[in-house]
file work.txt (compact mmCIF, C-alpha atoms and all ligand atoms)
# COMPACT_ATOMS: atom_id res chain seq x y z
CA MET Y 1 110.52 -24.85 -89.66
CA ARG Y 2 107.21 -26.68 -89.90
CA ILE Y 3 106.83 -28.24 -93.33
CA LEU Y 4 103.86 -29.82 -95.07
CA GLY Y 5 104.98 -32.64 -97.37
CA ILE Y 6 102.90 -34.02 -100.25
CA GLU Y 7 103.54 -37.18 -102.28
CA THR Y 8 101.42 -38.28 -105.26
CA SER Y 9 103.97 -39.68 -107.74
CA CYS Y 10 102.49 -43.15 -108.09
CA ASP Y 11 99.68 -45.01 -106.32
CA GLU Y 12 99.90 -43.56 -102.80
CA THR Y 13 98.30 -40.28 -101.82
CA ALA Y 14 100.33 -39.05 -98.86
CA ALA Y 15 100.78 -35.97 -96.68
CA ALA Y 16 102.94 -35.35 -93.63
CA ILE Y 17 104.06 -32.65 -91.25
CA VAL Y 18 107.74 -32.47 -90.29
CA GLU Y 19 109.26 -29.92 -87.96
CA ASN Y 20 113.03 -29.52 -87.51
CA GLY Y 21 113.57 -33.05 -88.82
CA LYS Y 22 110.92 -34.61 -86.58
CA VAL Y 23 107.87 -36.30 -88.09
CA LEU Y 24 104.75 -34.88 -86.41
CA SER Y 25 102.31 -36.79 -88.62
CA SER Y 26 102.33 -39.00 -91.70
CA VAL Y 27 99.24 -40.15 -93.56
CA VAL Y 28 99.49 -42.59 -96.49
CA ARG Y 29 96.47 -43.78 -98.46
CA SER Y 30 97.26 -46.58 -100.88
CA GLN Y 31 95.31 -47.05 -104.09
CA VAL Y 32 96.34 -50.71 -104.35
CA ASP Y 33 92.78 -52.04 -104.01
CA LEU Y 34 91.70 -49.98 -107.04
CA PHE Y 35 94.10 -51.81 -109.33
CA GLU Y 36 93.64 -55.43 -108.29
CA GLU Y 37 91.30 -56.19 -111.17
CA PHE Y 38 93.72 -54.61 -113.68
CA GLY Y 39 96.86 -56.32 -112.37
CA GLY Y 40 98.75 -53.00 -112.45
CA ILE Y 41 98.37 -49.26 -112.07
CA VAL Y 42 96.12 -47.44 -114.54
CA PRO Y 43 97.59 -43.91 -114.64
CA GLU Y 44 94.35 -42.11 -115.48
CA ILE Y 45 92.46 -43.78 -112.62
CA SER Y 46 95.36 -43.08 -110.26
CA SER Y 47 95.41 -39.34 -110.98
CA ARG Y 48 91.64 -39.08 -110.59
CA ARG Y 49 91.89 -40.82 -107.22
CA HIS Y 50 94.68 -38.47 -106.09
CA LEU Y 51 92.40 -35.59 -107.00
CA GLU Y 52 89.65 -36.95 -104.73
CA LEU Y 53 92.00 -37.78 -101.86
CA ILE Y 54 94.57 -35.00 -101.77
CA HIS Y 55 92.51 -32.47 -99.81
CA PRO Y 56 91.19 -34.87 -97.11
CA ILE Y 57 94.62 -36.48 -96.70
CA VAL Y 58 96.33 -33.10 -96.23
CA ASN Y 59 93.66 -32.16 -93.70
CA GLN Y 60 94.24 -35.42 -91.81
CA ALA Y 61 97.99 -34.83 -91.69
CA LEU Y 62 97.41 -31.31 -90.36
CA ALA Y 63 94.89 -32.51 -87.75
CA ARG Y 64 97.13 -35.34 -86.51
CA ALA Y 65 99.97 -32.86 -86.03
CA SER Y 66 97.58 -30.38 -84.32
CA THR Y 67 98.66 -27.88 -86.93
CA GLU Y 68 96.69 -25.19 -88.68
CA LEU Y 69 97.53 -24.13 -92.20
CA ARG Y 70 98.74 -20.73 -91.05
CA GLN Y 71 101.40 -22.46 -88.90
CA ILE Y 72 103.05 -24.02 -91.97
CA ASP Y 73 106.38 -22.44 -92.93
CA GLY Y 74 106.74 -24.14 -96.30
CA VAL Y 75 105.38 -26.82 -98.62
CA ALA Y 76 107.47 -29.68 -100.05
CA VAL Y 77 106.13 -31.80 -102.88
CA THR Y 78 107.37 -34.62 -105.10
CA LYS Y 79 108.52 -33.14 -108.40
CA LYS Y 80 110.02 -36.20 -110.12
CA PRO Y 81 109.98 -39.00 -111.15
CA GLY Y 82 106.52 -40.56 -111.44
CA LEU Y 83 103.30 -40.75 -113.42
CA ILE Y 84 102.87 -37.29 -114.87
CA GLY Y 85 99.12 -37.02 -114.19
CA SER Y 86 99.60 -38.15 -110.59
CA LEU Y 87 102.56 -35.83 -110.03
CA LEU Y 88 100.56 -32.91 -111.43
CA VAL Y 89 97.82 -33.35 -108.84
CA GLY Y 90 100.17 -33.04 -105.85
CA PHE Y 91 102.40 -30.45 -107.47
CA SER Y 92 99.54 -28.15 -108.50
CA TYR Y 93 97.91 -28.51 -105.09
CA ALA Y 94 101.17 -27.65 -103.31
CA LYS Y 95 101.83 -24.72 -105.59
CA ALA Y 96 98.36 -23.25 -105.07
CA LEU Y 97 98.54 -23.78 -101.32
CA ALA Y 98 101.95 -22.13 -101.04
CA TYR Y 99 100.78 -19.22 -103.18
CA GLY Y 100 97.68 -18.77 -101.03
CA LEU Y 101 99.66 -18.97 -97.81
CA LYS Y 102 102.49 -16.79 -99.20
CA LYS Y 103 105.00 -19.44 -98.13
CA PRO Y 104 107.85 -21.02 -100.12
CA PHE Y 105 107.44 -24.35 -101.82
CA VAL Y 106 110.08 -26.78 -102.95
CA GLY Y 107 110.01 -29.65 -105.45
CA VAL Y 108 111.68 -32.81 -104.18
CA ASP Y 109 113.15 -35.77 -106.09
CA HIS Y 110 111.31 -38.88 -104.91
CA LEU Y 111 114.47 -41.03 -105.02
CA TYR Y 112 116.59 -38.57 -103.06
CA ALA Y 113 113.79 -38.43 -100.50
CA HIS Y 114 113.80 -42.24 -100.21
CA ILE Y 115 117.53 -42.07 -99.41
CA TYR Y 116 117.01 -39.37 -96.77
CA SER Y 117 114.20 -41.42 -95.15
CA ALA Y 118 117.09 -43.40 -93.63
CA GLU Y 119 118.39 -40.28 -91.88
CA ILE Y 120 115.21 -39.49 -89.97
CA GLY Y 121 116.06 -39.63 -86.26
CA ARG Y 122 119.87 -39.56 -86.76
CA LYS Y 123 122.64 -37.88 -88.76
CA PHE Y 124 124.20 -39.25 -91.95
CA GLU Y 125 127.94 -39.56 -92.39
CA PHE Y 126 129.30 -38.68 -95.83
CA PRO Y 127 130.25 -39.66 -98.46
CA LEU Y 128 127.21 -41.91 -98.42
CA LEU Y 129 126.33 -44.65 -100.88
CA GLY Y 130 122.53 -44.52 -101.09
CA LEU Y 131 120.53 -47.32 -102.69
CA VAL Y 132 116.87 -47.01 -103.63
CA ILE Y 133 115.32 -50.43 -104.17
CA SER Y 134 111.64 -50.13 -104.98
CA GLY Y 135 108.90 -51.16 -107.38
CA GLY Y 136 109.70 -48.36 -109.81
CA HIS Y 137 113.45 -47.95 -109.34
CA THR Y 138 116.63 -49.73 -108.45
CA ALA Y 139 119.46 -47.25 -108.35
CA ALA Y 140 122.55 -46.23 -106.40
CA PHE Y 141 123.81 -42.71 -105.68
CA LEU Y 142 126.89 -41.19 -104.16
CA VAL Y 143 125.58 -38.57 -101.77
CA GLU Y 144 127.30 -35.66 -100.11
CA ASP Y 145 124.77 -33.45 -98.31
CA LEU Y 146 122.39 -32.33 -101.06
CA ASN Y 147 124.57 -33.46 -103.97
CA PHE Y 148 123.52 -36.72 -105.57
CA ARG Y 149 125.44 -38.52 -108.31
CA VAL Y 150 123.84 -41.58 -109.84
CA VAL Y 151 126.34 -44.46 -110.15
CA ALA Y 152 124.02 -47.35 -111.03
CA ARG Y 153 120.48 -47.95 -112.09
CA THR Y 154 118.47 -50.75 -113.58
CA ARG Y 155 118.51 -51.38 -117.31
CA ASP Y 156 115.13 -53.07 -117.31
CA ASP Y 157 112.99 -54.12 -114.35
CA ALA Y 158 113.34 -52.78 -110.82
CA ALA Y 159 113.93 -55.35 -108.07
CA GLY Y 160 110.45 -54.81 -106.60
CA GLU Y 161 108.91 -55.00 -110.06
CA ALA Y 162 110.50 -58.45 -110.58
CA LEU Y 163 109.06 -59.62 -107.26
CA ASP Y 164 105.66 -58.15 -108.16
CA LYS Y 165 105.58 -59.75 -111.60
CA ILE Y 166 106.50 -63.22 -110.35
CA ALA Y 167 103.92 -63.00 -107.55
CA LYS Y 168 101.36 -61.93 -110.15
CA LYS Y 169 102.24 -64.82 -112.47
CA LEU Y 170 101.70 -67.20 -109.55
CA GLY Y 171 98.38 -65.50 -108.76
CA LEU Y 172 99.57 -64.49 -105.27
CA GLY Y 173 98.41 -60.85 -105.37
CA TYR Y 174 100.04 -57.43 -104.85
CA PRO Y 175 102.45 -56.16 -103.51
CA GLY Y 176 104.47 -59.17 -104.54
CA GLY Y 177 107.54 -58.38 -102.43
CA SER Y 178 105.82 -58.61 -99.06
CA ILE Y 179 103.69 -61.61 -100.11
CA ILE Y 180 106.78 -63.48 -101.32
CA GLU Y 181 108.62 -62.63 -98.10
CA LYS Y 182 105.80 -64.10 -95.98
CA MET Y 183 105.29 -67.19 -98.14
CA ALA Y 184 109.03 -67.91 -98.46
CA LYS Y 185 109.34 -68.49 -94.69
CA GLY Y 186 110.46 -72.08 -94.10
CA GLY Y 187 111.54 -72.44 -97.75
CA ASN Y 188 114.95 -73.70 -98.84
CA SER Y 189 116.65 -70.84 -100.68
CA GLU Y 190 119.15 -73.23 -102.28
CA ALA Y 191 116.50 -75.46 -103.86
CA PHE Y 192 116.34 -73.56 -107.16
CA GLU Y 193 119.48 -72.18 -108.70
CA PHE Y 194 119.51 -68.70 -110.22
CA PRO Y 195 122.73 -67.18 -111.56
CA VAL Y 196 123.92 -63.84 -110.15
CA VAL Y 197 123.37 -61.42 -113.03
CA LYS Y 198 126.44 -59.41 -113.92
CA LEU Y 199 126.53 -57.03 -116.86
CA LYS Y 200 129.70 -57.34 -118.88
CA ASP Y 201 129.97 -53.74 -120.01
CA GLY Y 202 131.91 -52.16 -117.19
CA SER Y 203 128.90 -50.57 -115.52
CA PHE Y 204 127.47 -51.14 -112.05
CA ASP Y 205 123.94 -51.28 -113.44
CA PHE Y 206 121.28 -53.74 -112.31
CA SER Y 207 119.25 -56.03 -114.54
CA TYR Y 208 116.28 -58.11 -113.42
CA SER Y 209 114.59 -59.13 -116.66
CA GLY Y 210 116.71 -62.28 -117.17
CA LEU Y 211 116.07 -63.46 -113.63
CA LYS Y 212 112.37 -62.79 -114.04
CA SER Y 213 112.20 -64.75 -117.32
CA GLN Y 214 114.06 -67.67 -115.78
CA ALA Y 215 111.64 -67.72 -112.84
CA ALA Y 216 108.69 -67.50 -115.25
CA ARG Y 217 110.00 -70.52 -117.18
CA ILE Y 218 110.21 -72.56 -113.95
CA ILE Y 219 106.62 -71.57 -113.10
CA ASP Y 220 105.47 -72.74 -116.55
CA ARG Y 221 107.40 -75.99 -116.30
CA GLU Y 222 106.90 -77.16 -112.73
CA LYS Y 223 103.96 -77.73 -110.45
CA LEU Y 224 104.76 -75.37 -107.58
CA GLU Y 225 102.73 -76.20 -104.49
CA GLY Y 226 103.24 -76.58 -100.75
CA GLN Y 227 106.88 -76.88 -99.71
CA LYS Y 228 108.08 -76.70 -103.32
CA LEU Y 229 106.39 -73.32 -103.75
CA LYS Y 230 108.03 -72.09 -100.55
CA ASP Y 231 111.42 -73.32 -101.80
CA PHE Y 232 110.91 -71.56 -105.13
CA LEU Y 233 109.92 -68.27 -103.49
CA ALA Y 234 112.82 -68.42 -101.00
CA SER Y 235 115.24 -69.12 -103.88
CA PHE Y 236 113.84 -66.28 -106.02
CA GLN Y 237 113.92 -63.82 -103.11
CA LYS Y 238 117.55 -64.82 -102.47
CA ALA Y 239 118.42 -64.30 -106.15
CA VAL Y 240 116.91 -60.79 -106.10
CA VAL Y 241 118.89 -59.95 -102.96
CA ASP Y 242 122.09 -61.62 -104.25
CA GLN Y 243 122.25 -59.11 -107.08
CA ILE Y 244 121.83 -56.19 -104.69
CA MET Y 245 124.58 -57.55 -102.43
CA GLU Y 246 126.91 -58.21 -105.36
CA ARG Y 247 126.53 -54.63 -106.64
CA LEU Y 248 126.85 -53.23 -103.14
CA ASP Y 249 130.12 -55.07 -102.66
CA GLU Y 250 131.53 -53.70 -105.94
CA LEU Y 251 130.32 -50.16 -105.27
CA VAL Y 252 131.82 -50.12 -101.77
CA ARG Y 253 135.15 -51.41 -103.07
CA VAL Y 254 135.32 -48.77 -105.81
CA PHE Y 255 133.86 -45.70 -104.07
CA LYS Y 256 134.87 -46.42 -100.46
CA PRO Y 257 131.92 -44.58 -98.88
CA ALA Y 258 131.89 -43.73 -95.18
CA ALA Y 259 128.34 -45.03 -94.94
CA ILE Y 260 125.65 -46.96 -96.79
CA ALA Y 261 121.86 -46.49 -96.81
CA ILE Y 262 119.43 -48.99 -98.31
CA THR Y 263 115.96 -47.56 -98.85
CA GLY Y 264 112.73 -47.94 -100.85
CA GLY Y 265 109.84 -50.40 -100.60
CA VAL Y 266 112.02 -53.51 -100.94
CA SER Y 267 114.18 -52.42 -97.99
CA GLN Y 268 111.32 -53.60 -95.75
CA ASN Y 269 112.45 -57.11 -96.60
CA GLN Y 270 113.90 -58.73 -93.49
CA TYR Y 271 116.18 -61.07 -95.43
CA LEU Y 272 117.71 -58.10 -97.29
CA ARG Y 273 117.99 -56.10 -94.06
CA GLU Y 274 119.89 -58.90 -92.35
CA ARG Y 275 122.26 -59.62 -95.21
CA ALA Y 276 123.06 -55.94 -95.73
CA THR Y 277 123.55 -55.37 -91.99
CA SER Y 278 126.09 -58.19 -91.69
CA PHE Y 279 127.83 -57.04 -94.91
CA ALA Y 280 128.28 -53.53 -93.50
CA GLU Y 281 129.53 -54.91 -90.17
CA LYS Y 282 132.11 -57.02 -91.97
CA LYS Y 283 133.26 -54.03 -94.04
CA GLY Y 284 133.31 -51.70 -91.04
CA VAL Y 285 131.07 -49.19 -92.85
CA LYS Y 286 128.25 -47.29 -91.12
CA PHE Y 287 124.88 -48.61 -92.24
CA TYR Y 288 121.47 -46.97 -92.23
CA LEU Y 289 118.06 -48.51 -92.91
CA PRO Y 290 114.82 -46.53 -92.69
CA GLU Y 291 112.30 -47.72 -90.13
CA LYS Y 292 109.91 -50.07 -91.90
CA TRP Y 293 107.02 -47.56 -91.98
CA LEU Y 294 109.29 -45.14 -93.85
CA CYS Y 295 110.46 -47.62 -96.53
CA GLY Y 296 107.46 -47.47 -98.86
CA ASP Y 297 106.15 -44.31 -100.47
CA ASN Y 298 105.26 -41.63 -97.93
CA ALA Y 299 105.26 -37.87 -97.56
CA ALA Y 300 107.33 -37.71 -94.35
CA MET Y 301 110.47 -38.32 -96.42
CA ILE Y 302 109.39 -35.57 -98.86
CA ALA Y 303 108.83 -33.07 -96.04
CA TYR Y 304 112.08 -34.14 -94.32
CA LEU Y 305 114.27 -33.56 -97.40
CA GLY Y 306 112.17 -30.54 -98.41
CA GLU Y 307 112.96 -28.88 -95.07
CA LYS Y 308 116.70 -29.39 -95.65
CA MET Y 309 116.38 -28.00 -99.17
CA LEU Y 310 114.47 -24.93 -98.03
CA HIS Y 311 117.15 -24.34 -95.37
CA ALA Y 312 119.79 -24.57 -98.08
CA GLY Y 313 117.96 -21.94 -100.15
CA PHE Y 314 116.19 -24.11 -102.74
CA SER Y 315 112.66 -23.18 -103.77
CA GLU Y 316 110.43 -23.25 -106.85
CA ASP Y 317 108.69 -20.45 -108.64
CA LEU Y 318 105.09 -20.63 -109.77
CA PHE Y 319 106.07 -21.51 -113.35
CA SER Y 320 107.87 -24.74 -112.46
CA THR Y 321 106.32 -28.07 -113.42
CA PRO Y 322 106.88 -31.70 -112.44
CA PHE Y 323 108.43 -34.22 -114.81
CA PRO Y 324 108.19 -38.00 -115.12
CA ARG Y 325 111.81 -39.14 -115.38
CA THR Y 326 115.18 -38.65 -113.67
CA GLU Y 327 118.76 -39.46 -114.55
CA ALA Y 328 118.26 -42.61 -112.44
CA SER Y 329 115.29 -43.86 -114.46
CA LYS Y 330 115.63 -47.14 -116.32
CA GLY Y 331 117.55 -46.99 -119.53
CA GLU Y 332 120.90 -46.69 -121.15
CA LYS Y 333 124.17 -47.48 -119.47
CA GLN Y 334 124.95 -44.83 -116.92
CA PHE Y 335 128.41 -45.19 -115.57
CA ARG Y 336 131.68 -46.76 -116.68
CA LYS Y 337 134.28 -48.06 -114.29
O1 LIG U 401 108.93 -47.58 -102.53
P1 LIG U 401 107.65 -48.25 -102.93
O2 LIG U 401 106.50 -48.22 -101.97
O3 LIG U 401 107.11 -47.69 -104.28
C1 LIG U 401 107.91 -47.34 -105.34
O4 LIG U 401 108.44 -46.19 -105.35
O5 LIG U 401 108.05 -48.21 -106.23
O6 LIG U 401 108.03 -49.78 -103.28
C2 LIG U 401 107.07 -50.71 -103.64
C3 LIG U 401 107.77 -52.03 -103.87
C4 LIG U 401 106.87 -53.11 -104.50
O7 LIG U 401 107.52 -53.65 -105.62
C5 LIG U 401 106.72 -54.14 -103.38
O8 LIG U 401 106.59 -55.46 -103.87
C6 LIG U 401 108.02 -53.96 -102.63
O9 LIG U 401 108.24 -52.58 -102.62
N1 LIG U 401 107.94 -54.49 -101.25
C7 LIG U 401 108.72 -55.48 -100.76
C8 LIG U 401 108.30 -55.72 -99.44
N2 LIG U 401 107.27 -54.84 -99.16
C9 LIG U 401 107.08 -54.10 -100.29
N3 LIG U 401 109.70 -56.20 -101.34
C10 LIG U 401 110.29 -57.16 -100.59
N4 LIG U 401 109.93 -57.44 -99.32
C11 LIG U 401 108.95 -56.75 -98.70
N5 LIG U 401 108.61 -57.03 -97.44
ZN ZN U 402 109.08 -44.84 -104.01
call {"tool": "encode", "arguments": {"input": "work.txt", "output": "structure tokens"}}
result
Amino acid sequence: MRILGIETSCDETAAAIVENGKVLSSVVRSQVDLFEEFGGIVPEISSRRHLELIHPIVNQALARASTELRQIDGVAVTKKPGLIGSLLVGFSYAKALAYGLKKPFVGVDHLYAHIYSAEIGRKFEFPLLGLVISGGHTAAFLVEDLNFRVVARTRDDAAGEALDKIAKKLGLGYPGGSIIEKMAKGGNSEAFEFPVVKLKDGSFDFSYSGLKSQAARIIDREKLEGQKLKDFLASFQKAVVDQIMERLDELVRVFKPAAIAITGGVSQNQYLRERATSFAEKKGVKFYLPEKWLCGDNAAMIAYLGEKMLHAGFSEDLFSTPFPRTEASKGEKQFRK
């Protein structure tokens, strides 16, 4: 099957062509530059930009895969979660295109697609513990083929959001995660002490707001420049990763998965990649990371999972609509041990 994938859930307009699990093209246009002056995404501006970009980006993805519209066997599009105006642009476009082409279309969960981005080019073993660590979400799922059960999520900030907010407070720019990673090189990660956050309510949930507030207090109190700034950033990056590793350890002990996947924008982080790789080696568990170009938001992962879903018989009718949240969105306690 040759699938057109479309992703417009947040601030990337993306389209991709995937055929039998192989990525033929993937085009991602970030809107980051639009939001620099606002210090964050403005949903209304984002959806208007998606509206301008969606058609040219789809055409680029088709051209790069030397594919004509009539050669498409199905359309996969992000259905949830995300900014509702942004989701609606991609979803409505996909729906209209599929209707016009008389082909099936399928709505894909953005978080499930992140997890499956780690399968591209290989085959998952199950049961899989899939983590999505991004700017919007920090959540863990137990995955068996196309069944996903959320076992942890963040109560407040996502890991990437904490990195972004601290970078912003320091005036370092966006995206904070990659800037902090670069600037933390040569820093002493033991110089500033951050406690490993552990919720005392029997859940596996994540929480980053305390860590973020503690880092903000240090920024207000100390003059962070030169080597001291590097030390601070290395220590904060380590604290963010420590919490992921701590949860991962617990989750592996309790659920005993055959394999682990760590995905989402923050999984580009080399320090996280190395720590998680050596953890999995020590535990003797199979470990999958997406290639770095597949970690952030993209449509290749949407088309990839969409193709599997279409094969399994999933599809949408023309009355279906996207929605902004999922069971893995931030919020109340999710799971008790
Ligand atoms: O998956 P993604 O592109 O969008 C969401 O679905 O949120 O993730 C974006 C997040 C941002 O918070 C960004 O700071 C973080 O990924 N990020 C990184 C790195 N590159 C991007 N975090 C840590 N290290 C990086 N190298
Ligand atoms: Zn994402």
call {"tool": "closest_residue", "arguments": {"input": "work.txt", "among": "Y:Asn269, Y:Ser66, Y:Gln243, Y:Thr138", "to": "ligand ZN 402 (chain U)", "atoms": "only C-alpha atoms and all ligand atoms"}}
result
Y:Thr138
call {"tool": "closest_residue", "arguments": {"input": "work.txt", "among": "Y:Tyr112, Y:Phe91, Y:Tyr288, Y:Phe194", "to": "ligand ZN 402 (chain U)", "atoms": "all atoms listed in the file"}}
result
Y:Tyr112
call {"tool": "residues_near_ligand", "arguments": {"input": "work.txt", "ligand": "ligand LIG 401 (chain U)", "cutoff": "10 Å", "atoms": "all atoms listed in the file", "output": "ChimeraX atom specification"}}
result
/Y:9-12,30,81-82,110-111,114,132-138,158-165,167,173-182,237,240-241,263-273,292,294-298
call {"tool": "write_last_selection", "arguments": {"input": "work.txt", "atoms": "C-alpha atoms", "output": "PDB file, in the coordinates of the input"}}
result
ATOM      1  CA  SER Y   9     103.970 -39.680-107.740  1.00  0.00           C
ATOM      2  CA  CYS Y  10     102.490 -43.150-108.090  1.00  0.00           C
ATOM      3  CA  ASP Y  11      99.680 -45.010-106.320  1.00  0.00           C
ATOM      4  CA  GLU Y  12      99.900 -43.560-102.800  1.00  0.00           C
ATOM      5  CA  SER Y  30      97.260 -46.580-100.880  1.00  0.00           C
ATOM      6  CA  PRO Y  81     109.980 -39.000-111.150  1.00  0.00           C
ATOM      7  CA  GLY Y  82     106.520 -40.560-111.440  1.00  0.00           C
ATOM      8  CA  HIS Y 110     111.310 -38.880-104.910  1.00  0.00           C
ATOM      9  CA  LEU Y 111     114.470 -41.030-105.020  1.00  0.00           C
ATOM     10  CA  HIS Y 114     113.800 -42.240-100.210  1.00  0.00           C
ATOM     11  CA  VAL Y 132     116.870 -47.010-103.630  1.00  0.00           C
ATOM     12  CA  ILE Y 133     115.320 -50.430-104.170  1.00  0.00           C
ATOM     13  CA  SER Y 134     111.640 -50.130-104.980  1.00  0.00           C
ATOM     14  CA  GLY Y 135     108.900 -51.160-107.380  1.00  0.00           C
ATOM     15  CA  GLY Y 136     109.700 -48.360-109.810  1.00  0.00           C
ATOM     16  CA  HIS Y 137     113.450 -47.950-109.340  1.00  0.00           C
ATOM     17  CA  THR Y 138     116.630 -49.730-108.450  1.00  0.00           C
ATOM     18  CA  ALA Y 158     113.340 -52.780-110.820  1.00  0.00           C
ATOM     19  CA  ALA Y 159     113.930 -55.350-108.070  1.00  0.00           C
ATOM     20  CA  GLY Y 160     110.450 -54.810-106.600  1.00  0.00           C
ATOM     21  CA  GLU Y 161     108.910 -55.000-110.060  1.00  0.00           C
ATOM     22  CA  ALA Y 162     110.500 -58.450-110.580  1.00  0.00           C
ATOM     23  CA  LEU Y 163     109.060 -59.620-107.260  1.00  0.00           C
ATOM     24  CA  ASP Y 164     105.660 -58.150-108.160  1.00  0.00           C
ATOM     25  CA  LYS Y 165     105.580 -59.750-111.600  1.00  0.00           C
ATOM     26  CA  ALA Y 167     103.920 -63.000-107.550  1.00  0.00           C
ATOM     27  CA  GLY Y 173      98.410 -60.850-105.370  1.00  0.00           C
ATOM     28  CA  TYR Y 174     100.040 -57.430-104.850  1.00  0.00           C
ATOM     29  CA  PRO Y 175     102.450 -56.160-103.510  1.00  0.00           C
ATOM     30  CA  GLY Y 176     104.470 -59.170-104.540  1.00  0.00           C
ATOM     31  CA  GLY Y 177     107.540 -58.380-102.430  1.00  0.00           C
ATOM     32  CA  SER Y 178     105.820 -58.610 -99.060  1.00  0.00           C
ATOM     33  CA  ILE Y 179     103.690 -61.610-100.110  1.00  0.00           C
ATOM     34  CA  ILE Y 180     106.780 -63.480-101.320  1.00  0.00           C
ATOM     35  CA  GLU Y 181     108.620 -62.630 -98.100  1.00  0.00           C
ATOM     36  CA  LYS Y 182     105.800 -64.100 -95.980  1.00  0.00           C
ATOM     37  CA  GLN Y 237     113.920 -63.820-103.110  1.00  0.00           C
ATOM     38  CA  VAL Y 240     116.910 -60.790-106.100  1.00  0.00           C
ATOM     39  CA  VAL Y 241     118.890 -59.950-102.960  1.00  0.00           C
ATOM     40  CA  THR Y 263     115.960 -47.560 -98.850  1.00  0.00           C
ATOM     41  CA  GLY Y 264     112.730 -47.940-100.850  1.00  0.00           C
ATOM     42  CA  GLY Y 265     109.840 -50.400-100.600  1.00  0.00           C
ATOM     43  CA  VAL Y 266     112.020 -53.510-100.940  1.00  0.00           C
ATOM     44  CA  SER Y 267     114.180 -52.420 -97.990  1.00  0.00           C
ATOM     45  CA  GLN Y 268     111.320 -53.600 -95.750  1.00  0.00           C
ATOM     46  CA  ASN Y 269     112.450 -57.110 -96.600  1.00  0.00           C
ATOM     47  CA  GLN Y 270     113.900 -58.730 -93.490  1.00  0.00           C
ATOM     48  CA  TYR Y 271     116.180 -61.070 -95.430  1.00  0.00           C
ATOM     49  CA  LEU Y 272     117.710 -58.100 -97.290  1.00  0.00           C
ATOM     50  CA  ARG Y 273     117.990 -56.100 -94.060  1.00  0.00           C
ATOM     51  CA  LYS Y 292     109.910 -50.070 -91.900  1.00  0.00           C
ATOM     52  CA  LEU Y 294     109.290 -45.140 -93.850  1.00  0.00           C
ATOM     53  CA  CYS Y 295     110.460 -47.620 -96.530  1.00  0.00           C
ATOM     54  CA  GLY Y 296     107.460 -47.470 -98.860  1.00  0.00           C
ATOM     55  CA  ASP Y 297     106.150 -44.310-100.470  1.00  0.00           C
ATOM     56  CA  ASN Y 298     105.260 -41.630 -97.930  1.00  0.00           C
TER      57      ASN Y 298
END
call {"tool": "residues_around", "arguments": {"input": "work.txt", "residues": "segment 321-326 of chain Y", "least_positions_apart": "2", "cutoff": "8 Å", "atoms": "all atoms listed in the file", "output": "PDB file with C-alpha atoms, keeping the file's coordinate frame"}}
result
ATOM      1  CA  THR Y  78     107.370 -34.620-105.100  1.00  0.00           C
ATOM      2  CA  LYS Y  79     108.520 -33.140-108.400  1.00  0.00           C
ATOM      3  CA  LYS Y  80     110.020 -36.200-110.120  1.00  0.00           C
ATOM      4  CA  PRO Y  81     109.980 -39.000-111.150  1.00  0.00           C
ATOM      5  CA  GLY Y  82     106.520 -40.560-111.440  1.00  0.00           C
ATOM      6  CA  LEU Y  83     103.300 -40.750-113.420  1.00  0.00           C
ATOM      7  CA  ILE Y  84     102.870 -37.290-114.870  1.00  0.00           C
ATOM      8  CA  LEU Y  87     102.560 -35.830-110.030  1.00  0.00           C
ATOM      9  CA  LEU Y  88     100.560 -32.910-111.430  1.00  0.00           C
ATOM     10  CA  PHE Y  91     102.400 -30.450-107.470  1.00  0.00           C
ATOM     11  CA  GLY Y 107     110.010 -29.650-105.450  1.00  0.00           C
ATOM     12  CA  PHE Y 319     106.070 -21.510-113.350  1.00  0.00           C
ATOM     13  CA  ALA Y 328     118.260 -42.610-112.440  1.00  0.00           C
ATOM     14  CA  SER Y 329     115.290 -43.860-114.460  1.00  0.00           C
TER      15      SER Y 329
END
call {"tool": "atom_distance", "arguments": {"input": "work.txt", "atom1": "atom CA of Lys95 of chain Y", "atom2": "atom CA of Leu310 of chain Y"}}
result
14.7 Å
call {"tool": "residues_near_point", "arguments": {"input": "work.txt", "point": "(95.2, -59.6, -108.0)", "cutoff": "7 Å", "atoms": "all atoms listed in the file", "output": "JSON, numbers by chain"}}
result
{"Y": [36, 37, 39, 168, 171, 173, 174]}
call {"tool": "residues_around", "arguments": {"input": "work.txt", "residues": "Pro195 of chain Y", "least_positions_apart": "5", "cutoff": "10 Å", "atoms": "all atoms listed in the file", "output": "list of chain:residue names"}}
result
Y:Gly210, Y:Leu211, Y:Gln214, Y:Ala239, Y:Asp242, Y:Gln243
call {"tool": "write_last_selection", "arguments": {"input": "work.txt", "atoms": "C-alpha atoms", "output": "compact mmCIF listing (two decimals), in the frame of the given file"}}
result
# COMPACT_ATOMS: atom_id res chain seq x y z
CA GLY Y 210 116.71 -62.28 -117.17
CA LEU Y 211 116.07 -63.46 -113.63
CA GLN Y 214 114.06 -67.67 -115.78
CA ALA Y 239 118.42 -64.30 -106.15
CA ASP Y 242 122.09 -61.62 -104.25
CA GLN Y 243 122.25 -59.11 -107.08
call {"tool": "atom_distance", "arguments": {"input": "work.txt", "atom1": "atom CA of Ile3 of chain Y", "atom2": "atom CA of Ile115 of chain Y"}}
result
18.5 Å
call {"tool": "closest_residue", "arguments": {"input": "work.txt", "among": "Y:Ala14, Y:Ile219, Y:Leu69, Y:Ala312", "to": "ligand ZN 402 (chain U)", "atoms": "only C-alpha atoms and all ligand atoms"}}
result
Y:Ala14
call {"tool": "atom_distance", "arguments": {"input": "work.txt", "atom1": "atom CA of Gly187 of chain Y", "atom2": "atom CA of Lys228 of chain Y"}}
result
7.8 Å
call {"tool": "closest_residue", "arguments": {"input": "work.txt", "among": "Y:Val23, Y:Asp109, Y:Ala76, Y:Gln227", "to": "ligand ZN 402 (chain U)", "atoms": "all atoms listed in the file"}}
result
Y:Asp109
